[in-house]
Structures are given as structure tokens and as C-alpha cells.
$ cat data.txt   # compact mmCIF, C-alpha atoms
# COMPACT_ATOMS: atom_id res chain seq x y z
CA MET L 586 141.11 183.34 104.61
CA ASN L 587 139.22 186.05 106.48
CA ALA L 588 136.15 185.03 108.45
CA LEU L 589 132.86 185.60 106.64
CA SER L 590 130.30 188.09 107.87
CA PRO L 591 127.61 186.73 110.21
CA ILE L 592 125.10 187.17 107.39
CA PHE L 593 126.38 183.86 105.97
CA ALA L 594 126.06 181.94 109.25
CA THR L 595 122.75 180.17 108.64
CA MET L 596 123.97 179.09 105.21
CA THR L 597 127.18 177.52 106.49
CA VAL L 598 125.54 175.27 109.09
CA PRO L 599 124.19 172.06 107.53
CA ALA L 600 120.56 171.15 108.05
CA ASP L 601 119.91 168.39 110.57
CA ASP L 602 120.40 164.94 109.05
CA VAL L 603 116.85 163.72 109.61
CA SER L 604 115.59 160.59 107.88
CA ALA L 605 112.17 160.16 106.33
CA GLU L 606 111.38 157.56 108.98
CA GLU L 607 112.21 160.00 111.79
CA ALA L 608 110.14 162.70 110.15
CA ALA L 609 107.13 160.40 109.97
CA ALA L 610 107.63 159.47 113.64
CA VAL L 611 107.74 163.16 114.61
CA ALA L 612 104.49 163.86 112.73
CA LEU L 613 102.78 160.96 114.49
CA GLY L 614 104.23 161.58 117.94
CA HIS L 615 103.68 165.33 118.06
CA TRP L 616 100.76 166.05 115.71
CA GLY L 617 99.08 162.65 115.82
CA ILE L 618 99.25 162.36 112.04
CA ALA L 619 100.12 158.98 110.54
CA ALA L 620 101.87 159.69 107.24
CA THR L 621 104.63 158.70 104.89
CA ALA L 622 107.44 161.21 104.49
CA LYS L 623 109.47 162.15 101.41
CA LEU L 624 112.53 164.40 101.63
CA LEU L 625 112.32 167.73 99.80
CA THR L 626 115.33 169.79 98.76
CA GLY L 627 116.01 173.02 100.61
CA GLU L 628 118.72 175.62 101.01
CA ARG L 629 118.81 175.78 104.80
CA ASP L 630 116.09 173.64 106.42
CA ARG L 631 115.32 169.93 106.32
CA ASN L 632 111.88 169.65 104.72
CA PHE L 633 109.57 166.70 104.11
CA HIS L 634 106.41 166.18 102.10
CA LEU L 635 103.98 164.21 104.23
CA THR L 636 101.08 162.20 102.84
CA ALA L 637 98.66 161.11 105.53
CA ALA L 638 96.63 157.94 105.48
CA ASP L 639 93.48 159.98 104.79
CA GLY L 640 95.12 161.60 101.74
CA ARG L 641 95.82 164.99 103.26
CA GLU L 642 99.27 166.45 102.57
CA TYR L 643 101.63 168.58 104.62
CA VAL L 644 105.15 170.01 104.81
CA LEU L 645 107.18 169.17 107.90
CA LYS L 646 110.04 171.63 108.47
CA PHE L 647 113.08 171.04 110.70
CA ALA L 648 114.54 174.53 111.17
CA ASN L 649 118.22 175.05 110.46
CA PRO L 650 120.13 174.88 113.76
CA ALA L 651 121.68 178.30 113.08
CA GLU L 652 118.37 180.04 112.40
CA PRO L 653 117.45 182.35 115.29
CA VAL L 654 114.11 181.59 116.90
CA GLU L 655 113.13 185.19 116.14
CA VAL L 656 113.49 184.58 112.39
CA THR L 657 111.33 181.47 112.59
CA ASP L 658 108.74 183.47 114.53
CA LEU L 659 108.84 186.18 111.82
CA GLN L 660 107.99 183.60 109.17
CA VAL L 661 105.18 182.10 111.23
CA LYS L 662 103.64 185.44 112.16
CA ALA L 663 103.82 186.65 108.53
CA LEU L 664 101.97 183.58 107.28
CA GLN L 665 99.32 184.05 109.96
CA HIS L 666 98.97 187.74 109.06
CA VAL L 667 98.38 187.03 105.35
CA ALA L 668 95.87 184.32 106.26
CA ARG L 669 93.90 186.98 108.16
CA THR L 670 94.21 189.92 105.75
CA ASP L 671 93.70 187.98 102.50
CA PRO L 672 92.19 184.59 103.42
CA GLN L 673 91.61 183.65 99.78
CA PHE L 674 95.31 183.96 98.94
CA ASN L 675 96.65 180.42 98.66
CA ILE L 676 99.68 180.11 100.95
CA PRO L 677 100.73 177.45 103.46
CA ARG L 678 98.75 177.46 106.69
CA MET L 679 100.33 176.65 110.05
CA ILE L 680 99.09 173.38 111.58
CA PRO L 681 99.13 173.75 115.37
CA LEU L 682 100.06 171.03 117.80
CA PRO L 683 97.22 169.53 119.85
CA ASP L 684 98.03 171.97 122.67
CA GLY L 685 97.84 174.96 120.32
CA ARG L 686 101.57 175.63 120.00
CA ILE L 687 103.01 176.09 116.51
CA GLU L 688 106.46 174.60 117.01
CA ALA L 689 107.56 171.31 118.54
CA THR L 690 110.93 170.81 120.19
CA VAL L 691 112.20 167.33 119.34
CA PRO L 692 115.02 165.83 121.43
CA ARG L 693 117.81 164.49 119.23
CA ALA L 694 121.61 164.49 119.09
CA PRO L 695 123.60 166.68 118.98
CA ARG L 696 120.90 169.24 119.83
CA PRO L 697 117.11 169.48 120.00
CA ALA L 698 115.33 170.24 116.71
CA ARG L 699 112.64 172.88 116.20
CA VAL L 700 109.89 171.50 113.96
CA ARG L 701 106.71 172.95 112.51
CA LEU L 702 103.97 171.60 110.26
CA LEU L 703 102.30 173.44 107.39
CA SER L 704 99.57 172.64 104.92
CA TRP L 705 100.58 171.50 101.44
CA VAL L 706 99.72 173.92 98.62
CA HIS L 707 98.77 172.18 95.38
CA GLY L 708 99.98 173.40 92.02
CA THR L 709 102.68 173.05 89.39
CA PRO L 710 105.95 174.86 90.08
CA LEU L 711 106.60 177.55 87.52
CA ARG L 712 109.76 175.78 86.33
CA HIS L 713 107.65 172.84 85.13
CA ALA L 714 104.85 174.83 83.50
CA PRO L 715 104.45 176.17 79.96
CA ARG L 716 105.17 179.91 79.85
CA SER L 717 103.10 182.75 78.44
CA ALA L 718 102.73 186.51 78.57
CA ALA L 719 99.50 186.16 80.56
CA GLN L 720 101.23 183.98 83.11
CA ARG L 721 103.96 186.59 83.62
CA GLU L 722 101.34 189.24 84.21
CA ALA L 723 99.54 186.95 86.65
CA CYS L 724 102.76 186.41 88.60
CA GLY L 725 103.27 190.17 88.85
CA ARG L 726 99.72 190.64 90.06
CA ALA L 727 100.08 187.86 92.63
CA LEU L 728 103.26 189.35 94.07
CA ALA L 729 101.66 192.78 94.33
CA ARG L 730 98.65 191.27 96.07
CA LEU L 731 100.89 189.47 98.55
CA GLY L 732 102.75 192.70 99.31
CA LEU L 733 99.46 194.48 99.94
CA ALA L 734 98.38 191.66 102.27
CA LEU L 735 101.60 192.17 104.24
CA GLN L 736 101.11 195.93 104.58
CA GLY L 737 100.76 196.84 108.22
CA PHE L 738 102.57 193.74 109.41
CA SER L 739 105.51 194.37 111.69
CA HIS L 740 107.87 192.20 113.68
CA PRO L 741 110.76 193.16 115.97
CA HIS L 742 113.18 190.96 114.00
CA ALA L 743 112.00 191.83 110.48
CA ARG L 744 115.10 193.91 109.72
CA TYR L 745 117.56 191.08 110.25
CA GLU L 746 120.39 190.68 107.74
CA LEU L 747 119.73 188.15 104.99
CA ILE L 748 122.10 187.71 102.06
CA TRP L 749 119.13 187.12 99.74
CA ASP L 750 117.95 190.66 100.54
CA LEU L 751 119.49 192.88 97.86
CA THR L 752 120.02 195.53 100.51
CA HIS L 753 123.13 193.54 101.47
CA ALA L 754 124.28 192.67 97.95
CA LEU L 755 127.74 194.17 98.48
CA ARG L 756 128.52 191.34 100.92
CA LEU L 757 128.82 189.13 97.83
CA ARG L 758 132.33 190.50 97.43
CA GLU L 759 133.36 188.24 100.31
CA ILE L 760 132.63 185.09 98.31
CA LEU L 761 133.20 186.15 94.68
CA ALA L 762 136.36 184.03 94.49
CA ASN L 763 134.19 180.90 94.68
CA LEU L 764 133.29 181.48 91.03
CA GLU L 765 136.86 180.37 90.22
CA ASP L 766 136.66 182.34 86.99
CA ALA L 767 138.51 185.65 86.76
CA PRO L 768 136.37 187.22 84.00
CA ALA L 769 133.17 186.27 85.85
CA GLU L 770 134.51 187.72 89.10
CA ALA L 771 135.42 190.94 87.28
CA ALA L 772 132.01 191.23 85.59
CA ILE L 773 130.04 190.70 88.79
CA GLY L 774 132.46 192.89 90.71
CA ALA L 775 131.75 195.71 88.24
CA LEU L 776 128.00 195.13 88.64
CA LEU L 777 128.38 195.45 92.42
CA ASP L 778 130.30 198.68 91.89
CA ASP L 779 127.32 200.00 89.93
CA PHE L 780 125.00 198.88 92.74
CA ALA L 781 127.15 200.69 95.31
CA ARG L 782 127.05 203.86 93.26
CA GLU L 783 123.51 203.87 91.86
CA ALA L 784 121.30 201.81 94.18
CA ALA L 785 122.74 201.62 97.68
CA PRO L 786 122.39 205.37 98.36
CA VAL L 787 118.82 205.44 97.00
CA LEU L 788 117.20 202.30 98.42
CA PRO L 789 116.82 203.55 102.04
CA GLY L 790 114.62 206.40 100.80
CA LEU L 791 112.25 204.18 98.79
CA ARG L 792 109.06 202.53 100.04
CA GLN L 793 109.79 199.70 102.45
CA GLN L 794 107.86 197.13 104.46
CA VAL L 795 107.99 193.45 105.36
CA LEU L 796 107.93 191.61 102.01
CA TYR L 797 107.99 188.07 100.67
CA ASN L 798 111.35 188.50 98.85
CA ASP L 799 111.45 185.03 97.28
CA MET L 800 109.18 184.67 94.26
CA ASN L 801 111.01 182.15 92.10
CA HIS L 802 110.40 179.21 89.77
CA GLY L 803 110.05 176.73 92.65
CA ASN L 804 107.99 178.80 95.08
CA THR L 805 105.43 180.04 92.54
CA LEU L 806 102.74 177.49 91.73
CA VAL L 807 100.34 177.63 88.80
CA ASP L 808 97.15 175.74 88.10
CA PRO L 809 98.11 172.62 86.10
CA ALA L 810 94.91 172.89 84.05
CA ARG L 811 95.21 176.67 83.60
CA PRO L 812 98.92 177.49 83.74
CA ASP L 813 98.26 181.18 83.13
CA GLU L 814 96.77 181.35 86.64
CA VAL L 815 98.82 181.45 89.86
CA ALA L 816 97.60 178.69 92.19
CA GLY L 817 99.65 179.65 95.23
CA ILE L 818 102.92 180.86 96.69
CA ILE L 819 104.98 178.84 99.15
CA ASP L 820 108.13 179.10 101.31
CA PHE L 821 108.28 182.26 103.41
CA GLY L 822 111.85 181.55 104.51
CA ASP L 823 113.32 184.74 103.01
CA ILE L 824 110.69 187.20 104.25
CA VAL L 825 112.31 190.39 105.46
CA HIS L 826 111.79 194.14 105.79
CA THR L 827 113.08 195.53 102.50
CA ALA L 828 112.28 197.85 99.60
CA VAL L 829 109.21 197.27 97.42
CA ALA L 830 111.49 197.67 94.39
CA ILE L 831 113.65 194.80 95.66
CA ASP L 832 110.65 192.50 96.03
CA VAL L 833 109.64 193.31 92.45
CA ALA L 834 113.18 192.69 91.16
CA VAL L 835 113.31 189.31 92.87
CA GLY L 836 110.01 188.25 91.34
CA ALA L 837 110.89 189.64 87.92
CA ILE L 838 113.56 186.96 87.49
CA THR L 839 110.70 184.46 87.08
CA ALA L 840 109.69 186.28 83.89
CA VAL L 841 112.94 185.49 82.10
CA GLY L 842 112.66 182.52 79.76
CA PRO L 843 113.64 181.35 76.27
CA ASP L 844 110.14 181.87 74.87
CA MET L 845 110.18 185.67 75.09
CA ALA L 846 112.65 188.53 74.76
CA ILE L 847 113.94 189.66 78.15
CA ALA L 848 112.64 193.21 77.83
CA ASP L 849 109.16 192.05 76.85
CA ALA L 850 109.05 189.37 79.56
CA LEU L 851 110.05 191.79 82.32
CA ALA L 852 107.58 194.36 81.04
CA ARG L 853 104.74 191.84 81.29
CA PHE L 854 105.63 190.98 84.90
CA VAL L 855 106.20 194.56 86.03
CA GLY L 856 103.09 195.70 84.19
CA GLY L 857 101.04 193.08 86.06
CA PHE L 858 102.47 194.22 89.38
CA HIS L 859 101.90 197.89 88.56
CA ALA L 860 98.25 197.25 87.70
CA VAL L 861 97.62 196.04 91.26
CA ARG L 862 100.13 198.14 93.19
CA PRO L 863 101.36 201.15 91.23
CA LEU L 864 105.11 201.62 91.25
CA LEU L 865 106.89 204.94 91.53
CA ALA L 866 109.13 206.34 88.79
CA GLU L 867 112.24 206.09 90.96
CA GLU L 868 111.47 202.41 91.68
CA VAL L 869 111.05 201.58 87.99
CA ALA L 870 114.30 203.36 87.17
CA LEU L 871 116.25 201.06 89.51
CA LEU L 872 114.65 197.78 88.43
CA PRO L 873 117.03 196.77 85.59
CA LEU L 874 120.02 197.08 87.93
CA LEU L 875 118.24 195.35 90.81
CA VAL L 876 117.10 192.44 88.64
CA ALA L 877 120.66 192.00 87.33
CA VAL L 878 122.04 192.01 90.87
CA ARG L 879 119.49 189.42 91.94
CA ALA L 880 120.62 187.20 89.06
CA ALA L 881 124.23 187.72 90.16
CA ILE L 882 123.42 186.77 93.76
CA GLY L 883 121.92 183.48 92.56
CA THR L 884 125.02 182.75 90.49
CA VAL L 885 127.55 183.54 93.20
CA LEU L 886 125.67 181.76 95.97
CA GLN L 887 125.31 178.65 93.85
CA ALA L 888 129.08 178.53 93.29
CA TRP L 889 129.69 179.19 96.98
CA HIS L 890 127.25 176.49 98.09
CA ARG L 891 129.01 173.96 95.93
CA GLN L 892 132.14 174.64 97.97
CA VAL L 893 130.42 174.70 101.38
CA HIS L 894 127.74 172.01 100.91
CA ALA L 895 128.81 169.94 97.92
CA ASP L 896 126.36 167.18 98.89
CA ASN L 897 123.29 169.45 98.98
CA PRO L 898 121.26 168.73 95.80
CA HIS L 899 119.48 172.08 96.13
CA TYR L 900 122.41 173.59 94.23
CA ALA L 901 123.66 171.68 91.20
CA PRO L 902 127.22 172.02 89.85
CA MET L 903 127.65 174.88 87.36
CA THR L 904 129.53 174.24 84.13
CA ALA L 905 131.63 176.89 82.41
CA GLU L 906 128.95 177.08 79.69
CA GLU L 907 126.22 177.63 82.27
CA LEU L 908 128.24 180.32 84.02
CA GLN L 909 128.73 182.15 80.72
CA ARG L 910 125.03 181.87 79.92
CA ARG L 911 124.24 183.50 83.26
CA LEU L 912 126.75 186.28 82.71
CA ASP L 913 125.22 186.96 79.29
CA ARG L 914 121.77 187.14 80.86
CA ILE L 915 122.97 189.53 83.58
CA ALA L 916 124.37 191.81 80.87
CA ALA L 917 121.15 191.57 78.85
CA LEU L 918 119.08 192.56 81.88
CA ARG L 919 120.78 195.97 81.84
CA ALA L 920 120.31 196.66 78.16
CA PRO L 921 118.65 200.03 77.38
CA ALA L 922 115.68 198.20 75.88
CA VAL L 923 114.81 196.78 79.31
CA GLY L 924 114.47 200.16 80.97
CA ALA L 925 112.46 201.47 78.02
CA ALA L 926 110.11 198.47 78.17
CA LEU L 927 109.52 198.89 81.90
CA ARG L 928 108.79 202.59 81.51
CA GLY L 929 106.36 201.73 78.74
CA ALA L 930 104.63 199.03 80.82
CA THR L 931 104.09 201.40 83.74
CA GLY L 932 103.63 204.66 81.88
CA LEU L 933 106.43 206.18 83.98
CA GLY L 934 109.35 207.98 82.47
$ encode --input "data.txt" --output "C-alpha cells"
Amino acid sequence: MNALSPIFATMTVPADDVSAEEAAAVALGHWGIAATAKLLTGERDRNFHLTAADGREYVLKFANPAEPVEVTDLQVKALQHVARTDPQFNIPRMIPLPDGRIEATVPRAPRPARVRLLSWVHGTPLRHAPRSAAQREACGRALARLGLALQGFSHPHARYELIWDLTHALRLREILANLEDAPAEAAIGALLDDFAREAAPVLPGLRQQVLYNDMNHGNTLVDPARPDEVAGIIDFGDIVHTAVAIDVAVGAITAVGPDMAIADALARFVGGFHAVRPLLAEEVALLPLLVAVRAAIGTVLQAWHRQVHADNPHYAPMTAEELQRRLDRIAALRAPAVGAALRGATGLG
């Protein structure tokens, strides 16, 4: 088998095997916070939910050993930038060490760990909340607001290669065989061909900046008492310099659900975004393809993770029925009605 591109490196190195007891000891020894620790799932890092004796809550993050320090710094600096430019936007806040540093280096075998502490953002993850049209619009508005808060932010490592950035979607061809289903490989291969022909040549000329790039059902929190309202956004681990249209496509996946037709659901989300940050006609035209490719990336990477990290609960096994359901959804995302609905929601086209 040919070696994979470096873009997959961080995702092939397991997170440090840190226990809850060790996490609690690190919080006490480095931040002076006495707390109980509970392991959270995560794709690349080892994360813990801390509950302090005084009731305050935090997230303790052990960075993946393969993550460059520059990427960690990008995430930290982006969070700090949003906290300054839109202080009312509810995102995690960095909790400095007593000496003012953001990151602790913890000696442990086989290598030291880089650890940082963030505030806990309260809310119900979107996947556990009742859905509505108003909620979809609110999610679109929140993503647009976050993108505006990040305008003007720059970082020397912001253009690093991340497989979750649709800019690099064609790299999926390297791991398509992990689907172990010839029709599925052919269908997603054809989708990537469309991306190569229709999107790849156009994306470099569209609006770009550092963007969140990870609005999903776990990272988007709503108010438990008012689930139509976004309570906060967490996890800046996929932040990267990319196209505005890509950020919208990533977030639009959250709109898809059994309670509403796909075209209508996407129109609500995109309409909400457009009301806060108007999209351009050429961006709207690409969205159905970009949303479908984002759905394909999630499907392929889940199958690949099950081969590489079978013991990581972040990615559950995928049955043949679930794979087919995802393929049907990818096809539905490109139906003519979707493009028409998005043009109608934005008044473009």
C-alpha cells in the first residue's frame, strides 16, 4: 500500500492514553484547580470535562502528539481574537496558568504532553435538541457572525493542510477503499470528479479568510429552554484559512434532519447566514456540490477511522444500511430543488 499524504498524519497518531485521575492531577498541579475529570470523546486530542469543587467547569485538552505547535497556537490565537472582537459571542475562553502562559508541558512517557485549559460552554448539543426552521436560521446567523468576528485575523500557519478543509477533498481518493463497498466507492469517486471539474478551479478565486470550518451537531450548542437559540459554539480544532463558501457548506450539514425536506432545511440555514453576511451568486451556485462533498468526507473518514483507530468511540461502526442512507443523502443534496431553494433564500440567481 502506498504511503498516505502528510495531511493524514495527525489522524493516524493515537491521542495520549491519559487517565481521568492523571487529568485531575494535571489540573491541580499546573492550574491549582481541584476537580474531578470525565473523559470526552474526540477525533485527535484527549479531552476531559472538569468539574471543580466550587462548581465551575472546564475542558482540559491534551494535544495530539502529531499536532504541530503552530496549529495549536492558531487555535489559541483565534479564540483570543474572537473574544476581543465579539466578546458577547459564547465560545470557550483560554484559562491561563498562574504565570500567564496558556499551555503547560507535562512530563510523561513516551513524550511530554502539551496541555491547555478552557472554560466550559453550557448548552445542549444540536444532536440532542428538537429541530425547527427557526433554529436552522439561528445556526446560519451564528456561523456568519463568527466569520465576521474572525475577519482581520491572520496567522502564519493558517493555511496548513487539513483533510476536513474541502479545499483538499480530492485527497479522499487515497482512502476510498476503506469503504469496502464498490458501489459506494464509485459514487463518491464520481462526486470527487465533479468537485475536481466544477469546484477546485473556482474556489481559489472566491472570498477567503481564517474560518471556523467545523459547525456540526456536537459543536453547536442551543439553549435547553429555548432550543431555537444558539447558546454557543465550541471546538476550534479545525479552524483554517479557507473559502467562505466552504465554511457555509460545512455548517449547512447541521440543517439536514428527518423533520424537514433537505432543500427547505438548507434554505433556512443559508438564508440565516445570508441575512447577516450576504453571500455572492458564485458562492451560492457551488453550495449544493460543496455540501455533498462535506457529507462524503464524513462518510469516508468514518470508515477509515474504523480501520485505523477501531477502539476510538468518536467514530462508531457503519452498517451497510447506514452507508446506503448516507449515499442517498449525498445524492439528494445535489438535487435541482436544492439549488433552486438556495437561490430563492438568498435572492441570487
$ residues_around --input "data.txt" --residues "Arg699 (chain L)" --least-positions-apart "2" --cutoff "8 Å" --atoms "all atoms listed in the file" --output "JSON, numbers by chain"
{"L": [647, 648, 688, 689, 690, 691, 697, 701]}
$ residues_around --input "data.txt" --residues "Ala877 (chain L)" --least-positions-apart "6" --cutoff "7 Å" --atoms "all atoms listed in the file" --output "ChimeraX atom specification"
/L:915,918-919
$ write_last_selection --input "data.txt" --atoms "C-alpha atoms" --output "PDB file, in the frame of the given file"
ATOM      1  CA  ILE L 915     122.970 189.530  83.580  1.00  0.00           C
ATOM      2  CA  LEU L 918     119.080 192.560  81.880  1.00  0.00           C
ATOM      3  CA  ARG L 919     120.780 195.970  81.840  1.00  0.00           C
TER       4      ARG L 919
END
$ atom_distance --input "data.txt" --atom1 "CA of Val833 (chain L)" --atom2 "CA of Ala870 (chain L)"
12.3 Å
$ closest_residue --input "data.txt" --among "L:Phe593, L:Asn675, L:Pro683, L:Gln909" --to "Gly614 (chain L)" --atoms "all atoms listed in the file"
L:Pro683
$ residues_around --input "data.txt" --residues "Glu765 (chain L)" --least-positions-apart "4" --cutoff "12 Å" --atoms "only C-alpha atoms" --output "ChimeraX atom specification"
/L:760-761,769-771,885,888-889,891-892,903-905,908
$ atom_distance --input "data.txt" --atom1 "CA of Ser604 (chain L)" --atom2 "CA of Pro591 (chain L)"
28.9 Å
$ closest_atom_pairs --input "data.txt" --of "region 672-722 of chain L" --to "region 786-807 of chain L" --cutoff "10 Å" --atoms "all atoms listed in the file" --output "Markdown table"
| residue | atom | partner | partner_atom | distance |
| --- | --- | --- | --- | --- |
| L:Asn675 | CA | L:Leu806 | CA | 9.7 |
| L:Val706 | CA | L:Leu806 | CA | 8.3 |
| L:His707 | CA | L:Leu806 | CA | 7.6 |
| L:Gly708 | CA | L:Leu806 | CA | 4.9 |
| L:Thr709 | CA | L:Leu806 | CA | 5.0 |
| L:Pro710 | CA | L:Leu806 | CA | 4.5 |
| L:Leu711 | CA | L:His802 | CA | 4.7 |
| L:Arg712 | CA | L:His802 | CA | 4.9 |
| L:His713 | CA | L:His802 | CA | 8.3 |
| L:Ala714 | CA | L:Val807 | CA | 7.5 |
| L:Pro715 | CA | L:Val807 | CA | 9.9 |
| L:Gln720 | CA | L:Val807 | CA | 8.6 |
$ residues_near_point --input "data.txt" --point "(113.6, 186.1, 111.5)" --cutoff "8 Å" --atoms "only C-alpha atoms" --output "PyMOL selection string"
chain L and resi 652-660+742-743+745+824-825
$ closest_residue --input "data.txt" --among "L:Ala609, L:Ala734, L:Ala754, L:Val598" --to "Ala881 (chain L)" --atoms "all atoms listed in the file"
L:Ala754
$ atom_distance --input "data.txt" --atom1 "CA of Asp820 (chain L)" --atom2 "CA of Arg693 (chain L)"
25.1 Å
$ closest_residue --input "data.txt" --among "L:Gly856, L:Gly640, L:Pro902, L:Pro873" --to "Ile618 (chain L)" --atoms "only C-alpha atoms"
L:Gly640
$ closest_residue --input "data.txt" --among "L:Ile819, L:Leu777, L:Ile847, L:Ile748" --to "Pro677 (chain L)" --atoms "all atoms listed in the file"
L:Ile819
$ closest_residue --input "data.txt" --among "L:Trp616, L:Trp705, L:Phe780, L:Trp749" --to "Gly883 (chain L)" --atoms "all atoms listed in the file"
L:Trp749
$ closest_residue --input "data.txt" --among "L:Ala600, L:Phe738, L:Leu702, L:Gly617" --to "Val667 (chain L)" --atoms "only C-alpha atoms"
L:Phe738
$ residues_around --input "data.txt" --residues "Ala729 (chain L)" --least-positions-apart "4" --cutoff "7 Å" --atoms "all atoms listed in the file" --output "JSON, numbers by chain"
{"L": [725, 733, 858, 861, 862]}
$ write_last_selection --input "data.txt" --atoms "C-alpha atoms" --output "PDB file, in the frame of the given file"
ATOM      1  CA  GLY L 725     103.270 190.170  88.850  1.00  0.00           C
ATOM      2  CA  LEU L 733      99.460 194.480  99.940  1.00  0.00           C
ATOM      3  CA  PHE L 858     102.470 194.220  89.380  1.00  0.00           C
ATOM      4  CA  VAL L 861      97.620 196.040  91.260  1.00  0.00           C
ATOM      5  CA  ARG L 862     100.130 198.140  93.190  1.00  0.00           C
TER       6      ARG L 862
END
$ residues_near_point --input "data.txt" --point "(103.5, 160.6, 107.9)" --cutoff "8 Å" --atoms "only C-alpha atoms" --output "list in words"
Ala608, Ala609, Ala610, Ala612, Leu613, Ile618, Ala619, Ala620, Thr621, Ala622, Leu635, Thr636, Ala637 and Ala638 of chain L
